[in-house]
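Undergrad: Take a look at this one; I'll ask things after.
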Amino acid sequence: MIDLRSDTVTKPTAAMRRAMAEAEVGDDVYGEDPTVRKLEERVAEILGKQASLFLPSGTMGNTIGIKLHTRHGEEVVCDHRAHILDWEMSMMAWFSGCLARPVPTEHGVLRWSDIEPVVRPRTTGFPAPTAMINIEHPHNMGGGTLFPIEKIEEICDRAHERGLKVHMDGARLFNAVAASGETAARTVAKTDSVMFCLSKGLGCPVGSMLAGDAATMAEARLYRKRLGGGMRQAGILAAAGLVALQTSPRHLQDDHANAKLMAERIGIDPREIQTNIVIFDIASTGLSPAAFLGRLKSSGVLAGSVGGTRIRLVTHFDVSREDCVCAADAIAALLC
Ligand SMILES: Cc1ncc(COP(=O)(O)O)c(C=O)c1O
């Protein structure tokens, strides 16, 4: 099977497995796991933030990010197809008691001019006040799209002038870095918190990171514990993260080239593909997503349905260029 459902399906590399087997560990809830500490320090250094926290998942990272920057009854501005809105079990309402204020965008990329009209002050006594803005970079349901760095900076600057916080859902931050050529540190410099996943394009079996200033991360550590995310000898998992940070970013350009290649072969302008995600519509085939995916599966290709008649393909380092050619040809045959 050529598995293009998500970049979460990768298996740990031999180097990761070796590092995991040999990891020095301790009880991380007591702050005694040296490998977790090393990973957290390394991530803070790469991102140019004071501190970072190792977490079991990206959903937990976003949940904590929102909790840190909001109070019950406040609003979170996000794109209308944001992961935090559609794919995280309404955690912003469940854990933080907040409302999402979704803003329509074409490909998930918010501009300050989209955000400004929906920002509500804390003082009027009628609308729920705005507390934070979520930037999803790259944007998953937008098709792996990128915010231009100046737009990220503008959103952060304008938000801060109004006393609002900015959280970056950078689940695929390193794909953004590889595609944009900006450093990770510059990309996140003005955000108040940033989450990225080790378990996506970077290929780890488990784990995400949340980063920000030291006081905020100390508070984040308490929310992680409340959510049941206090892990004990987690160095076994963090060890894979350290390997991933060193070795995986260099594969991401190939994943992006493979995504462009597939797009081109199925009739999408490859210039629309910025990272490792290709989303296309199958309405013209007259098939339901289940039927389309079933036929694709019988040709040895797994893809995902992402709502309506939209299908998503995600490249990663467990699919080769040849796999992508093969998969794209199978899709093209169903589309025509
Ligand atoms: C943009 C984005 N944010 C957050 C997440 C959540 O990550 P996790 O599956 O580790 O909870 C995902 C997962 O696909 C994602 O694509």
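By convention here, the chains of the structure tokens are called A, B, ... in the order presented, each chain's residues are numbered starting at 1, and ligands are numbered starting at 1 in the order presented.
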Please identify every polymer residue within 6 Å of ligand 1, using only C-alpha atoms and all ligand atoms, and present the set as a PyMOL selection string.
TA: chain A and resi 57-59+83+140+169+171
Undergrad: Counting only C-alpha atoms, which residues of range 149-231 of chain A fall within 10 Å of range 75-80 of chain A, and what is the closest atom pair for each with its distance in Å at one decimal, ordered by chain and rising number, as CSV?
TA:
residue,atom,partner,partner_atom,distance
A:Leu164,CA,A:Val76,CA,9.8
A:Lys165,CA,A:Val76,CA,9.6
A:Val166,CA,A:Val77,CA,9.5
A:His167,CA,A:Val76,CA,9.9
Undergrad: Take the selection from the previous step and output its residues with C-alpha atoms, as a short mmCIF file (atom, residue, chain, number, x, y, z; two decimals), in the first residue's frame.
TA:
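File produced: out.cif:
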data_model
loop_
_atom_site.label_atom_id
_atom_site.label_comp_id
_atom_site.auth_asym_id
_atom_site.auth_seq_id
_atom_site.Cartn_x
_atom_site.Cartn_y
_atom_site.Cartn_z
CA LEU A 164 -4.20 40.14 22.17
CA LYS A 165 -2.02 37.03 22.15
CA VAL A 166 -0.98 34.98 19.12
CA HIS A 167 -0.61 31.20 19.16
#
Undergrad: Please identify every residue of range 83-151 of chain A that has at least one atom no farther than 12 Å from an atom of range 247-259 of chain A, counting only C-alpha atoms, and for each give the shortest atom pair and the distance in Å to one decimal, arranged by chain then increasing number, as a tab-separated table.
TA:
residue	atom	partner	partner_atom	distance
A:Gly143	CA	A:Ala259	CA	10.6
A:Gly144	CA	A:His256	CA	9.8
A:Thr145	CA	A:His256	CA	11.7
Undergrad: Please list as a PyMOL selection string every residue within 10 Å of range 313-324 of chain A, counting only C-alpha atoms and excluding residues in the same chain fewer than 5 positions away.
TA: chain A and resi 1-13+140+143-144+200-203+248+251-252+254-263+265+275-280+301-306+329-330
Undergrad: With distances taken over only C-alpha atoms, which of A:Ala131, A:Met168, A:Ile155, A:Leu334 is nearest to Gly286 in chain A?
TA: A:Leu334
